[in-house]
$ cat target02.cif   # mmCIF, N, CA and C atoms
data_data
#
loop_
_atom_site.label_atom_id
_atom_site.label_comp_id
_atom_site.auth_asym_id
_atom_site.auth_seq_id
_atom_site.Cartn_x
_atom_site.Cartn_y
_atom_site.Cartn_z
N MET A 54 0.84 -1.19 0.00
CA MET A 54 0.00 0.00 0.00
C MET A 54 0.88 1.24 0.00
N ASN A 55 0.47 2.24 -0.75
CA ASN A 55 1.22 3.50 -0.79
C ASN A 55 1.16 4.19 0.55
N GLN A 56 2.12 5.07 0.77
CA GLN A 56 2.12 5.84 2.01
C GLN A 56 0.90 6.75 2.04
N SER A 57 0.38 6.95 3.23
CA SER A 57 -0.81 7.78 3.41
C SER A 57 -0.44 9.25 3.48
N ILE A 58 -1.41 10.06 3.12
CA ILE A 58 -1.30 11.50 3.32
C ILE A 58 -1.25 11.74 4.83
N GLY A 59 -0.38 12.62 5.27
CA GLY A 59 -0.30 12.98 6.68
C GLY A 59 -1.24 14.13 7.01
N ILE A 60 -1.61 14.20 8.26
CA ILE A 60 -2.50 15.26 8.74
C ILE A 60 -1.83 15.94 9.92
N VAL A 61 -1.83 17.27 9.90
CA VAL A 61 -1.33 18.05 11.03
C VAL A 61 -2.50 18.85 11.60
N LEU A 62 -2.70 18.71 12.90
CA LEU A 62 -3.75 19.44 13.61
C LEU A 62 -3.10 20.59 14.37
N VAL A 63 -3.42 21.81 13.99
CA VAL A 63 -2.85 23.00 14.64
C VAL A 63 -3.94 23.65 15.48
N SER A 64 -3.70 23.69 16.79
CA SER A 64 -4.69 24.24 17.70
C SER A 64 -4.02 25.13 18.73
N HIS A 65 -4.80 26.02 19.27
CA HIS A 65 -4.33 26.85 20.39
C HIS A 65 -4.17 26.02 21.66
N SER A 66 -4.78 24.86 21.67
CA SER A 66 -4.79 24.02 22.86
C SER A 66 -4.15 22.66 22.55
N ALA A 67 -3.12 22.32 23.30
CA ALA A 67 -2.50 21.00 23.13
C ALA A 67 -3.51 19.90 23.43
N GLN A 68 -4.35 20.10 24.43
CA GLN A 68 -5.34 19.08 24.79
C GLN A 68 -6.37 18.89 23.69
N LEU A 69 -6.80 19.97 23.07
CA LEU A 69 -7.77 19.87 21.98
C LEU A 69 -7.18 19.09 20.81
N ALA A 70 -5.97 19.44 20.41
CA ALA A 70 -5.33 18.76 19.28
C ALA A 70 -5.07 17.29 19.59
N THR A 71 -4.60 17.00 20.79
CA THR A 71 -4.32 15.62 21.19
C THR A 71 -5.61 14.81 21.27
N GLY A 72 -6.65 15.41 21.80
CA GLY A 72 -7.94 14.74 21.88
C GLY A 72 -8.49 14.40 20.51
N LEU A 73 -8.35 15.32 19.57
CA LEU A 73 -8.82 15.06 18.21
C LEU A 73 -7.99 13.95 17.57
N ARG A 74 -6.69 13.93 17.81
CA ARG A 74 -5.86 12.84 17.29
C ARG A 74 -6.33 11.50 17.87
N GLU A 75 -6.67 11.47 19.15
CA GLU A 75 -7.19 10.24 19.76
C GLU A 75 -8.50 9.80 19.11
N LEU A 76 -9.36 10.76 18.82
CA LEU A 76 -10.62 10.45 18.14
C LEU A 76 -10.35 9.83 16.78
N LEU A 77 -9.42 10.40 16.03
CA LEU A 77 -9.10 9.87 14.71
C LEU A 77 -8.58 8.44 14.80
N ALA A 78 -7.79 8.15 15.80
CA ALA A 78 -7.28 6.79 15.98
C ALA A 78 -8.43 5.82 16.29
N GLN A 79 -9.43 6.29 17.03
CA GLN A 79 -10.56 5.44 17.42
C GLN A 79 -11.47 5.10 16.24
N ILE A 80 -11.50 5.95 15.22
CA ILE A 80 -12.39 5.67 14.09
C ILE A 80 -11.70 4.83 13.03
N GLY A 81 -10.55 4.30 13.37
CA GLY A 81 -9.92 3.35 12.48
C GLY A 81 -8.92 3.93 11.51
N SER A 82 -8.47 5.12 11.75
CA SER A 82 -7.52 5.72 10.83
C SER A 82 -6.10 5.67 11.39
N ASP A 83 -5.80 4.62 12.12
CA ASP A 83 -4.48 4.52 12.74
C ASP A 83 -3.36 4.33 11.72
N ARG A 84 -3.69 4.07 10.47
CA ARG A 84 -2.68 3.98 9.42
C ARG A 84 -2.30 5.36 8.88
N VAL A 85 -3.06 6.37 9.26
CA VAL A 85 -2.82 7.73 8.79
C VAL A 85 -1.96 8.46 9.81
N PRO A 86 -0.81 8.99 9.38
CA PRO A 86 0.02 9.73 10.33
C PRO A 86 -0.63 11.07 10.70
N VAL A 87 -0.91 11.23 11.97
CA VAL A 87 -1.52 12.46 12.46
C VAL A 87 -0.59 13.06 13.51
N ALA A 88 -0.15 14.28 13.28
CA ALA A 88 0.72 14.98 14.21
C ALA A 88 0.00 16.21 14.73
N VAL A 89 0.36 16.62 15.93
CA VAL A 89 -0.30 17.78 16.54
C VAL A 89 0.71 18.89 16.81
N ALA A 90 0.23 20.09 16.65
CA ALA A 90 0.98 21.30 17.02
C ALA A 90 0.01 22.13 17.85
N GLY A 91 -0.06 21.82 19.13
CA GLY A 91 -1.03 22.48 19.99
C GLY A 91 -0.36 23.24 21.11
N GLY A 92 -0.83 24.44 21.31
CA GLY A 92 -0.33 25.26 22.42
C GLY A 92 1.07 25.79 22.19
N THR A 93 1.60 26.40 23.23
CA THR A 93 2.93 27.01 23.17
C THR A 93 3.95 26.12 23.86
N GLU A 94 5.22 26.46 23.68
CA GLU A 94 6.29 25.67 24.27
C GLU A 94 6.22 25.62 25.80
N ASP A 95 5.68 26.66 26.40
CA ASP A 95 5.60 26.70 27.87
C ASP A 95 4.30 26.10 28.41
N GLY A 96 3.54 25.42 27.54
CA GLY A 96 2.33 24.75 27.98
C GLY A 96 1.08 25.61 27.98
N GLY A 97 1.20 26.83 27.51
CA GLY A 97 0.05 27.73 27.49
C GLY A 97 -0.77 27.60 26.22
N LEU A 98 -1.83 28.39 26.18
CA LEU A 98 -2.67 28.46 25.00
C LEU A 98 -2.00 29.38 23.98
N GLY A 99 -2.09 29.00 22.73
CA GLY A 99 -1.49 29.78 21.66
C GLY A 99 -0.98 28.87 20.58
N THR A 100 -0.25 29.44 19.64
CA THR A 100 0.30 28.63 18.56
C THR A 100 1.81 28.80 18.51
N SER A 101 2.47 27.80 17.98
CA SER A 101 3.93 27.78 17.96
C SER A 101 4.43 27.46 16.55
N TYR A 102 5.18 28.37 15.99
CA TYR A 102 5.82 28.19 14.69
C TYR A 102 6.64 26.90 14.70
N ASP A 103 7.49 26.73 15.71
CA ASP A 103 8.37 25.56 15.77
C ASP A 103 7.59 24.26 15.90
N ARG A 104 6.50 24.27 16.63
CA ARG A 104 5.69 23.05 16.75
C ARG A 104 5.03 22.68 15.43
N ILE A 105 4.64 23.69 14.66
CA ILE A 105 4.04 23.42 13.36
C ILE A 105 5.08 22.82 12.41
N VAL A 106 6.27 23.39 12.40
CA VAL A 106 7.35 22.85 11.56
C VAL A 106 7.62 21.40 11.92
N ALA A 107 7.73 21.11 13.21
CA ALA A 107 8.01 19.75 13.67
C ALA A 107 6.87 18.80 13.34
N ALA A 108 5.63 19.25 13.48
CA ALA A 108 4.48 18.39 13.20
C ALA A 108 4.39 18.04 11.72
N ILE A 109 4.69 18.99 10.85
CA ILE A 109 4.69 18.70 9.41
C ILE A 109 5.73 17.62 9.11
N ALA A 110 6.92 17.76 9.67
CA ALA A 110 7.96 16.75 9.46
C ALA A 110 7.52 15.38 10.00
N GLU A 111 6.87 15.37 11.15
CA GLU A 111 6.42 14.12 11.76
C GLU A 111 5.35 13.43 10.93
N ALA A 112 4.42 14.18 10.36
CA ALA A 112 3.31 13.61 9.60
C ALA A 112 3.69 13.22 8.18
N ASP A 113 4.78 13.75 7.68
CA ASP A 113 5.19 13.55 6.29
C ASP A 113 5.77 12.17 6.08
N ARG A 114 5.09 11.37 5.27
CA ARG A 114 5.59 10.05 4.90
C ARG A 114 5.91 9.99 3.41
N GLY A 115 5.93 11.16 2.77
CA GLY A 115 6.29 11.22 1.36
C GLY A 115 5.15 11.40 0.39
N ALA A 116 3.91 11.30 0.87
CA ALA A 116 2.75 11.43 -0.01
C ALA A 116 2.10 12.80 0.08
N GLY A 117 2.54 13.62 1.01
CA GLY A 117 1.96 14.94 1.20
C GLY A 117 1.32 15.06 2.57
N VAL A 118 1.02 16.30 2.93
CA VAL A 118 0.48 16.61 4.25
C VAL A 118 -0.59 17.68 4.10
N ILE A 119 -1.70 17.51 4.81
CA ILE A 119 -2.65 18.61 4.93
C ILE A 119 -2.55 19.13 6.36
N VAL A 120 -2.71 20.43 6.48
CA VAL A 120 -2.66 21.10 7.78
C VAL A 120 -4.03 21.69 8.05
N LEU A 121 -4.60 21.32 9.20
CA LEU A 121 -5.92 21.80 9.60
C LEU A 121 -5.77 22.66 10.85
N PRO A 122 -5.98 23.97 10.74
CA PRO A 122 -5.89 24.85 11.91
C PRO A 122 -7.25 24.99 12.57
N ASP A 123 -7.23 25.35 13.88
CA ASP A 123 -8.52 25.58 14.53
C ASP A 123 -9.06 26.98 14.22
N LEU A 124 -8.31 28.04 14.50
CA LEU A 124 -8.80 29.39 14.24
C LEU A 124 -7.70 30.43 14.40
N GLY A 125 -8.00 31.63 13.95
CA GLY A 125 -7.16 32.80 14.18
C GLY A 125 -5.68 32.64 13.94
N SER A 126 -4.91 32.77 15.01
CA SER A 126 -3.45 32.79 14.86
C SER A 126 -2.89 31.44 14.43
N SER A 127 -3.64 30.36 14.58
CA SER A 127 -3.14 29.08 14.07
C SER A 127 -3.05 29.12 12.54
N VAL A 128 -3.98 29.83 11.92
CA VAL A 128 -3.94 30.02 10.47
C VAL A 128 -2.75 30.91 10.11
N LEU A 129 -2.62 32.04 10.80
CA LEU A 129 -1.54 32.98 10.49
C LEU A 129 -0.16 32.37 10.71
N THR A 130 0.00 31.62 11.79
CA THR A 130 1.29 31.00 12.08
C THR A 130 1.60 29.93 11.04
N THR A 131 0.60 29.15 10.66
CA THR A 131 0.82 28.14 9.62
C THR A 131 1.18 28.80 8.30
N LEU A 132 0.52 29.88 7.96
CA LEU A 132 0.86 30.60 6.72
C LEU A 132 2.32 31.07 6.75
N ALA A 133 2.78 31.54 7.90
CA ALA A 133 4.18 31.96 8.02
C ALA A 133 5.12 30.79 7.80
N VAL A 134 4.80 29.64 8.36
CA VAL A 134 5.63 28.44 8.17
C VAL A 134 5.68 28.07 6.69
N LEU A 135 4.52 28.04 6.04
CA LEU A 135 4.48 27.63 4.64
C LEU A 135 5.13 28.65 3.72
N GLU A 136 5.16 29.91 4.13
CA GLU A 136 5.87 30.92 3.35
C GLU A 136 7.38 30.70 3.47
N ASP A 137 7.84 30.35 4.67
CA ASP A 137 9.26 30.12 4.89
C ASP A 137 9.73 28.79 4.33
N TYR A 138 8.85 27.80 4.30
CA TYR A 138 9.17 26.45 3.81
C TYR A 138 8.14 26.03 2.76
N PRO A 139 8.14 26.68 1.61
CA PRO A 139 7.12 26.37 0.61
C PRO A 139 7.30 24.97 0.02
N ARG A 140 6.20 24.24 -0.02
CA ARG A 140 6.17 22.90 -0.60
C ARG A 140 4.81 22.69 -1.26
N ALA A 141 4.83 22.19 -2.47
CA ALA A 141 3.58 21.93 -3.19
C ALA A 141 2.79 20.79 -2.56
N ASP A 142 3.46 19.94 -1.77
CA ASP A 142 2.78 18.78 -1.19
C ASP A 142 2.37 18.98 0.27
N VAL A 143 2.36 20.23 0.72
CA VAL A 143 1.85 20.57 2.05
C VAL A 143 0.79 21.65 1.86
N LEU A 144 -0.45 21.31 2.22
CA LEU A 144 -1.57 22.21 1.99
C LEU A 144 -2.22 22.64 3.29
N LEU A 145 -2.42 23.93 3.44
CA LEU A 145 -3.24 24.48 4.51
C LEU A 145 -4.68 24.43 4.01
N VAL A 146 -5.54 23.72 4.73
CA VAL A 146 -6.90 23.48 4.26
C VAL A 146 -7.90 24.21 5.16
N ASP A 147 -8.78 24.99 4.52
CA ASP A 147 -9.84 25.69 5.23
C ASP A 147 -11.01 24.74 5.39
N ALA A 148 -11.12 24.17 6.58
CA ALA A 148 -12.16 23.19 6.86
C ALA A 148 -12.50 23.24 8.34
N PRO A 149 -13.67 22.76 8.72
CA PRO A 149 -13.98 22.69 10.16
C PRO A 149 -12.98 21.75 10.82
N PHE A 150 -12.53 22.13 12.00
CA PHE A 150 -11.43 21.42 12.65
C PHE A 150 -11.75 19.94 12.90
N VAL A 151 -12.84 19.66 13.58
CA VAL A 151 -13.16 18.27 13.93
C VAL A 151 -13.70 17.52 12.72
N GLU A 152 -14.74 18.02 12.11
CA GLU A 152 -15.35 17.33 10.99
C GLU A 152 -14.39 17.19 9.81
N GLY A 153 -13.61 18.23 9.56
CA GLY A 153 -12.63 18.18 8.48
C GLY A 153 -11.56 17.15 8.74
N ALA A 154 -11.10 17.08 9.98
CA ALA A 154 -10.07 16.09 10.34
C ALA A 154 -10.59 14.67 10.18
N VAL A 155 -11.82 14.43 10.61
CA VAL A 155 -12.40 13.10 10.49
C VAL A 155 -12.54 12.74 9.01
N ALA A 156 -13.09 13.62 8.21
CA ALA A 156 -13.26 13.35 6.78
C ALA A 156 -11.91 13.12 6.10
N ALA A 157 -10.93 13.93 6.46
CA ALA A 157 -9.60 13.77 5.87
C ALA A 157 -8.97 12.44 6.26
N ALA A 158 -9.08 12.07 7.53
CA ALA A 158 -8.48 10.83 8.00
C ALA A 158 -9.13 9.61 7.35
N VAL A 159 -10.44 9.61 7.26
CA VAL A 159 -11.15 8.49 6.64
C VAL A 159 -10.75 8.38 5.17
N THR A 160 -10.68 9.50 4.49
CA THR A 160 -10.32 9.50 3.07
C THR A 160 -8.86 9.10 2.88
N ALA A 161 -7.97 9.61 3.72
CA ALA A 161 -6.56 9.25 3.62
C ALA A 161 -6.36 7.75 3.86
N ALA A 162 -7.15 7.18 4.76
CA ALA A 162 -7.02 5.75 5.08
C ALA A 162 -7.36 4.86 3.89
N THR A 163 -8.11 5.40 2.93
CA THR A 163 -8.44 4.62 1.72
C THR A 163 -7.31 4.65 0.70
N GLY A 164 -6.27 5.45 0.96
CA GLY A 164 -5.17 5.57 0.02
C GLY A 164 -5.34 6.71 -0.97
N ALA A 165 -6.30 7.59 -0.72
CA ALA A 165 -6.56 8.71 -1.62
C ALA A 165 -5.35 9.65 -1.69
N ASP A 166 -5.29 10.42 -2.77
CA ASP A 166 -4.18 11.35 -2.95
C ASP A 166 -4.43 12.66 -2.20
N LEU A 167 -3.43 13.53 -2.24
CA LEU A 167 -3.46 14.79 -1.49
C LEU A 167 -4.67 15.64 -1.84
N ALA A 168 -4.97 15.79 -3.12
CA ALA A 168 -6.11 16.62 -3.53
C ALA A 168 -7.42 16.07 -3.00
N ALA A 169 -7.60 14.76 -3.05
CA ALA A 169 -8.84 14.15 -2.57
C ALA A 169 -8.99 14.27 -1.06
N VAL A 170 -7.90 14.13 -0.33
CA VAL A 170 -7.96 14.26 1.12
C VAL A 170 -8.29 15.70 1.51
N ALA A 171 -7.66 16.65 0.84
CA ALA A 171 -7.94 18.06 1.11
C ALA A 171 -9.39 18.39 0.78
N GLU A 172 -9.89 17.88 -0.32
CA GLU A 172 -11.27 18.15 -0.72
C GLU A 172 -12.27 17.52 0.26
N ALA A 173 -11.96 16.33 0.75
CA ALA A 173 -12.85 15.70 1.74
C ALA A 173 -12.95 16.57 2.99
N ALA A 174 -11.83 17.12 3.42
CA ALA A 174 -11.84 17.99 4.59
C ALA A 174 -12.69 19.24 4.31
N ARG A 175 -12.49 19.84 3.15
CA ARG A 175 -13.27 21.04 2.79
C ARG A 175 -14.76 20.74 2.73
N GLN A 176 -15.13 19.61 2.15
CA GLN A 176 -16.54 19.26 1.98
C GLN A 176 -17.24 19.04 3.32
N ALA A 177 -16.49 18.75 4.36
CA ALA A 177 -17.09 18.56 5.68
C ALA A 177 -17.80 19.83 6.16
N ARG A 178 -17.43 20.96 5.61
CA ARG A 178 -18.07 22.22 5.97
C ARG A 178 -19.57 22.19 5.67
N GLY A 179 -19.97 21.46 4.65
CA GLY A 179 -21.37 21.45 4.23
C GLY A 179 -22.22 20.36 4.86
N VAL A 180 -21.66 19.57 5.74
CA VAL A 180 -22.43 18.49 6.35
C VAL A 180 -23.38 19.07 7.40
N VAL A 181 -24.65 18.79 7.22
CA VAL A 181 -25.67 19.29 8.13
C VAL A 181 -25.77 18.34 9.33
N LYS A 182 -25.71 18.91 10.52
CA LYS A 182 -25.82 18.09 11.74
C LYS A 182 -27.27 17.91 12.15
N VAL A 183 -28.05 18.96 12.06
CA VAL A 183 -29.50 18.90 12.32
C VAL A 183 -30.18 19.72 11.25
N GLU A 184 -31.41 19.36 10.94
CA GLU A 184 -32.13 20.04 9.88
C GLU A 184 -32.50 21.48 10.20
N SER A 185 -32.73 21.78 11.46
CA SER A 185 -33.04 23.15 11.85
C SER A 185 -32.64 23.33 13.29
N ASP A 186 -32.59 24.56 13.71
CA ASP A 186 -32.29 24.79 15.13
C ASP A 186 -33.40 24.19 15.96
N THR A 187 -33.04 23.32 16.84
CA THR A 187 -34.02 22.64 17.66
C THR A 187 -33.88 23.12 19.08
N PRO A 188 -34.95 23.69 19.64
CA PRO A 188 -34.84 24.17 21.03
C PRO A 188 -34.71 23.00 22.00
N ALA A 189 -34.00 23.27 23.07
CA ALA A 189 -33.89 22.26 24.12
C ALA A 189 -35.26 22.08 24.76
N ALA A 190 -35.51 20.89 25.25
CA ALA A 190 -36.82 20.62 25.88
C ALA A 190 -36.96 21.48 27.13
N ALA A 191 -38.10 22.06 27.28
CA ALA A 191 -38.38 22.90 28.45
C ALA A 191 -38.62 21.99 29.67
N PRO A 192 -38.12 22.41 30.83
CA PRO A 192 -38.38 21.60 32.03
C PRO A 192 -39.87 21.62 32.35
N GLU A 193 -40.31 20.52 32.90
CA GLU A 193 -41.74 20.44 33.23
C GLU A 193 -42.01 20.87 34.64
#

$ encode --input "target02.cif" --output "structure tokens"
Amino acid sequence: MNQSIGIVLVSHSAQLATGLRELLAQIGSDRVPVAVAGGTEDGGLGTSYDRIVAAIAEADRGAGVIVLPDLGSSVLTTLAVLEDYPRADVLLVDAPFVEGAVAAAVTAATGADLAAVAEAARQARGVVKVESDTPAAAPE
């Protein structure tokens, strides 16, 4: 089997990124390399340029890497990394963090190529969770 596309989860929270990686492993995508770049070097909330660089290297098995950021500065920091280390086979993907990661991991596990994995993550944006806003049940 060809090497899988790698996934990098960039989050302001190390716990959030690690938890999402655990979820991906539970859904059967343990063949997909998933690396995390969560939080700062001192254990705080934020993003780290160096952690993103290291996570890309960790997830890279030669078939390409998609990077999924959670929000705000995780996007900006990833853009800075990709500007300093430009590679056609590393893509920053605009997708919902959890749903995009799940879709990407499931697709990567099938042996799909970089473009297909990135597109699966993007398409997760359109998945409807509920048909309409449903109010919580009122207490009796």

$ select_by_dssp --input "target02.cif" --residues "region 55-142 of chain A" --states "alpha helix (DSSP H)" --output "number ranges by chain"
A: 67-79, 102-112, 126-137

$ write_last_selection --input "target02.cif" --atoms "N, CA and C atoms" --output "compact mmCIF listing (two decimals), in the coordinates of the input"
# COMPACT_ATOMS: atom_id res chain seq x y z
N ALA A 67 -3.12 22.32 23.30
CA ALA A 67 -2.50 21.00 23.13
C ALA A 67 -3.51 19.90 23.43
N GLN A 68 -4.35 20.10 24.43
CA GLN A 68 -5.34 19.08 24.79
C GLN A 68 -6.37 18.89 23.69
N LEU A 69 -6.80 19.97 23.07
CA LEU A 69 -7.77 19.87 21.98
C LEU A 69 -7.18 19.09 20.81
N ALA A 70 -5.97 19.44 20.41
CA ALA A 70 -5.33 18.76 19.28
C ALA A 70 -5.07 17.29 19.59
N THR A 71 -4.60 17.00 20.79
CA THR A 71 -4.32 15.62 21.19
C THR A 71 -5.61 14.81 21.27
N GLY A 72 -6.65 15.41 21.80
CA GLY A 72 -7.94 14.74 21.88
C GLY A 72 -8.49 14.40 20.51
N LEU A 73 -8.35 15.32 19.57
CA LEU A 73 -8.82 15.06 18.21
C LEU A 73 -7.99 13.95 17.57
N ARG A 74 -6.69 13.93 17.81
CA ARG A 74 -5.86 12.84 17.29
C ARG A 74 -6.33 11.50 17.87
N GLU A 75 -6.67 11.47 19.15
CA GLU A 75 -7.19 10.24 19.76
C GLU A 75 -8.50 9.80 19.11
N LEU A 76 -9.36 10.76 18.82
CA LEU A 76 -10.62 10.45 18.14
C LEU A 76 -10.35 9.83 16.78
N LEU A 77 -9.42 10.40 16.03
CA LEU A 77 -9.10 9.87 14.71
C LEU A 77 -8.58 8.44 14.80
N ALA A 78 -7.79 8.15 15.80
CA ALA A 78 -7.28 6.79 15.98
C ALA A 78 -8.43 5.82 16.29
N GLN A 79 -9.43 6.29 17.03
CA GLN A 79 -10.56 5.44 17.42
C GLN A 79 -11.47 5.10 16.24
N TYR A 102 5.18 28.37 15.99
CA TYR A 102 5.82 28.19 14.69
C TYR A 102 6.64 26.90 14.70
N ASP A 103 7.49 26.73 15.71
CA ASP A 103 8.37 25.56 15.77
C ASP A 103 7.59 24.26 15.90
N ARG A 104 6.50 24.27 16.63
CA ARG A 104 5.69 23.05 16.75
C ARG A 104 5.03 22.68 15.43
N ILE A 105 4.64 23.69 14.66
CA ILE A 105 4.04 23.42 13.36
C ILE A 105 5.08 22.82 12.41
N VAL A 106 6.27 23.39 12.40
CA VAL A 106 7.35 22.85 11.56
C VAL A 106 7.62 21.40 11.92
N ALA A 107 7.73 21.11 13.21
CA ALA A 107 8.01 19.75 13.67
C ALA A 107 6.87 18.80 13.34
N ALA A 108 5.63 19.25 13.48
CA ALA A 108 4.48 18.39 13.20
C ALA A 108 4.39 18.04 11.72
N ILE A 109 4.69 18.99 10.85
CA ILE A 109 4.69 18.70 9.41
C ILE A 109 5.73 17.62 9.11
N ALA A 110 6.92 17.76 9.67
CA ALA A 110 7.96 16.75 9.46
C ALA A 110 7.52 15.38 10.00
N GLU A 111 6.87 15.37 11.15
CA GLU A 111 6.42 14.12 11.76
C GLU A 111 5.35 13.43 10.93
N ALA A 112 4.42 14.18 10.36
CA ALA A 112 3.31 13.61 9.60
C ALA A 112 3.69 13.22 8.18
N SER A 126 -4.91 32.77 15.01
CA SER A 126 -3.45 32.79 14.86
C SER A 126 -2.89 31.44 14.43
N SER A 127 -3.64 30.36 14.58
CA SER A 127 -3.14 29.08 14.07
C SER A 127 -3.05 29.12 12.54
N VAL A 128 -3.98 29.83 11.92
CA VAL A 128 -3.94 30.02 10.47
C VAL A 128 -2.75 30.91 10.11
N LEU A 129 -2.62 32.04 10.80
CA LEU A 129 -1.54 32.98 10.49
C LEU A 129 -0.16 32.37 10.71
N THR A 130 0.00 31.62 11.79
CA THR A 130 1.29 31.00 12.08
C THR A 130 1.60 29.93 11.04
N THR A 131 0.60 29.15 10.66
CA THR A 131 0.82 28.14 9.62
C THR A 131 1.18 28.80 8.30
N LEU A 132 0.52 29.88 7.96
CA LEU A 132 0.86 30.60 6.72
C LEU A 132 2.32 31.07 6.75
N ALA A 133 2.78 31.54 7.90
CA ALA A 133 4.18 31.96 8.02
C ALA A 133 5.12 30.79 7.80
N VAL A 134 4.80 29.64 8.36
CA VAL A 134 5.63 28.44 8.17
C VAL A 134 5.68 28.07 6.69
N LEU A 135 4.52 28.04 6.04
CA LEU A 135 4.48 27.63 4.64
C LEU A 135 5.13 28.65 3.72
N GLU A 136 5.16 29.91 4.13
CA GLU A 136 5.87 30.92 3.35
C GLU A 136 7.38 30.70 3.47
N ASP A 137 7.84 30.35 4.67
CA ASP A 137 9.26 30.12 4.89
C ASP A 137 9.73 28.79 4.33

$ atom_distance --input "target02.cif" --atom1 "atom C of Val118 (chain A)" --atom2 "CA of Thr93 (chain A)"
21.5 Å

$ resolve_selection --input "target02.cif" --expression "the PyMOL selection byres ((chain A and resi 154) around 8)" --output "list of chain:residue names"
A:Ile60, A:Leu62, A:Leu73, A:Leu77, A:Leu121, A:Ala148, A:Pro149, A:Phe150, A:Val151, A:Glu152, A:Gly153, A:Val155, A:Ala156, A:Ala157, A:Ala158, A:Val159, A:Thr160, A:Ala173, A:Ala174, A:Arg175, A:Ala177

$ resolve_selection --input "target02.cif" --expression "the PyMOL selection byres ((chain A and resi 84) around 8)" --output "list in words"
Gln56, Ser57, Ile58, Leu77, Ala78, Gly81, Ser82, Asp83, Val85, Pro86, Val87, Ala161 and Ala162 of chain A

$ resolve_selection --input "target02.cif" --expression "the PyMOL selection byres ((chain A and resi 91) around 5)" --output "VMD selection string"
chain A and resid 64 to 67 89 to 90 92 to 93

$ select_by_dssp --input "target02.cif" --residues "chain A" --states "strand (DSSP E or B)" --output "PyMOL selection string"
chain A and resi 59-64+87-91+118-122+143-145

$ write_last_selection --input "target02.cif" --atoms "N, CA and C atoms" --output "CSV table (one decimal), in the frame of the given file"
chain,number,residue,atom,x,y,z
A,59,GLY,N,-0.4,12.6,5.3
A,59,GLY,CA,-0.3,13.0,6.7
A,59,GLY,C,-1.2,14.1,7.0
A,60,ILE,N,-1.6,14.2,8.3
A,60,ILE,CA,-2.5,15.3,8.7
A,60,ILE,C,-1.8,15.9,9.9
A,61,VAL,N,-1.8,17.3,9.9
A,61,VAL,CA,-1.3,18.0,11.0
A,61,VAL,C,-2.5,18.8,11.6
A,62,LEU,N,-2.7,18.7,12.9
A,62,LEU,CA,-3.8,19.4,13.6
A,62,LEU,C,-3.1,20.6,14.4
A,63,VAL,N,-3.4,21.8,14.0
A,63,VAL,CA,-2.8,23.0,14.6
A,63,VAL,C,-3.9,23.6,15.5
A,64,SER,N,-3.7,23.7,16.8
A,64,SER,CA,-4.7,24.2,17.7
A,64,SER,C,-4.0,25.1,18.7
A,87,VAL,N,-0.9,11.2,12.0
A,87,VAL,CA,-1.5,12.5,12.5
A,87,VAL,C,-0.6,13.1,13.5
A,88,ALA,N,-0.2,14.3,13.3
A,88,ALA,CA,0.7,15.0,14.2
A,88,ALA,C,0.0,16.2,14.7
A,89,VAL,N,0.4,16.6,15.9
A,89,VAL,CA,-0.3,17.8,16.5
A,89,VAL,C,0.7,18.9,16.8
A,90,ALA,N,0.2,20.1,16.6
A,90,ALA,CA,1.0,21.3,17.0
A,90,ALA,C,0.0,22.1,17.8
A,91,GLY,N,-0.1,21.8,19.1
A,91,GLY,CA,-1.0,22.5,20.0
A,91,GLY,C,-0.4,23.2,21.1
A,118,VAL,N,1.0,16.3,2.9
A,118,VAL,CA,0.5,16.6,4.2
A,118,VAL,C,-0.6,17.7,4.1
A,119,ILE,N,-1.7,17.5,4.8
A,119,ILE,CA,-2.6,18.6,4.9
A,119,ILE,C,-2.6,19.1,6.4
A,120,VAL,N,-2.7,20.4,6.5
A,120,VAL,CA,-2.7,21.1,7.8
A,120,VAL,C,-4.0,21.7,8.0
A,121,LEU,N,-4.6,21.3,9.2
A,121,LEU,CA,-5.9,21.8,9.6
A,121,LEU,C,-5.8,22.7,10.8
A,122,PRO,N,-6.0,24.0,10.7
A,122,PRO,CA,-5.9,24.8,11.9
A,122,PRO,C,-7.2,25.0,12.6
A,143,VAL,N,2.4,20.2,0.7
A,143,VAL,CA,1.8,20.6,2.0
A,143,VAL,C,0.8,21.6,1.9
A,144,LEU,N,-0.4,21.3,2.2
A,144,LEU,CA,-1.6,22.2,2.0
A,144,LEU,C,-2.2,22.6,3.3
A,145,LEU,N,-2.4,23.9,3.4
A,145,LEU,CA,-3.2,24.5,4.5
A,145,LEU,C,-4.7,24.4,4.0

$ closest_residue --input "target02.cif" --among "A:Leu124, A:Val63, A:Val106, A:Ile119" --to "Leu145 (chain A)" --atoms "all atoms listed in the file"
A:Ile119

$ closest_residue --input "target02.cif" --among "A:Gln79, A:Thr163, A:Gln176, A:Thr100" --to "Gly125 (chain A)" --atoms "only C-alpha atoms"
A:Thr100

$ axis_aligned_box --input "target02.cif" --around "region 65-73 of chain A" --padding-each-side "5 Å" --output "AutoDock Vina command-line options"
--center_x -5.7 --center_y 20.4 --center_z 21.2 --size_x 16.3 --size_y 22.9 --size_z 17.2

$ closest_residue --input "target02.cif" --among "A:Ala169, A:Gln68, A:Asp123, A:Val61" --to "Ile109 (chain A)" --atoms "all atoms listed in the file"
A:Val61
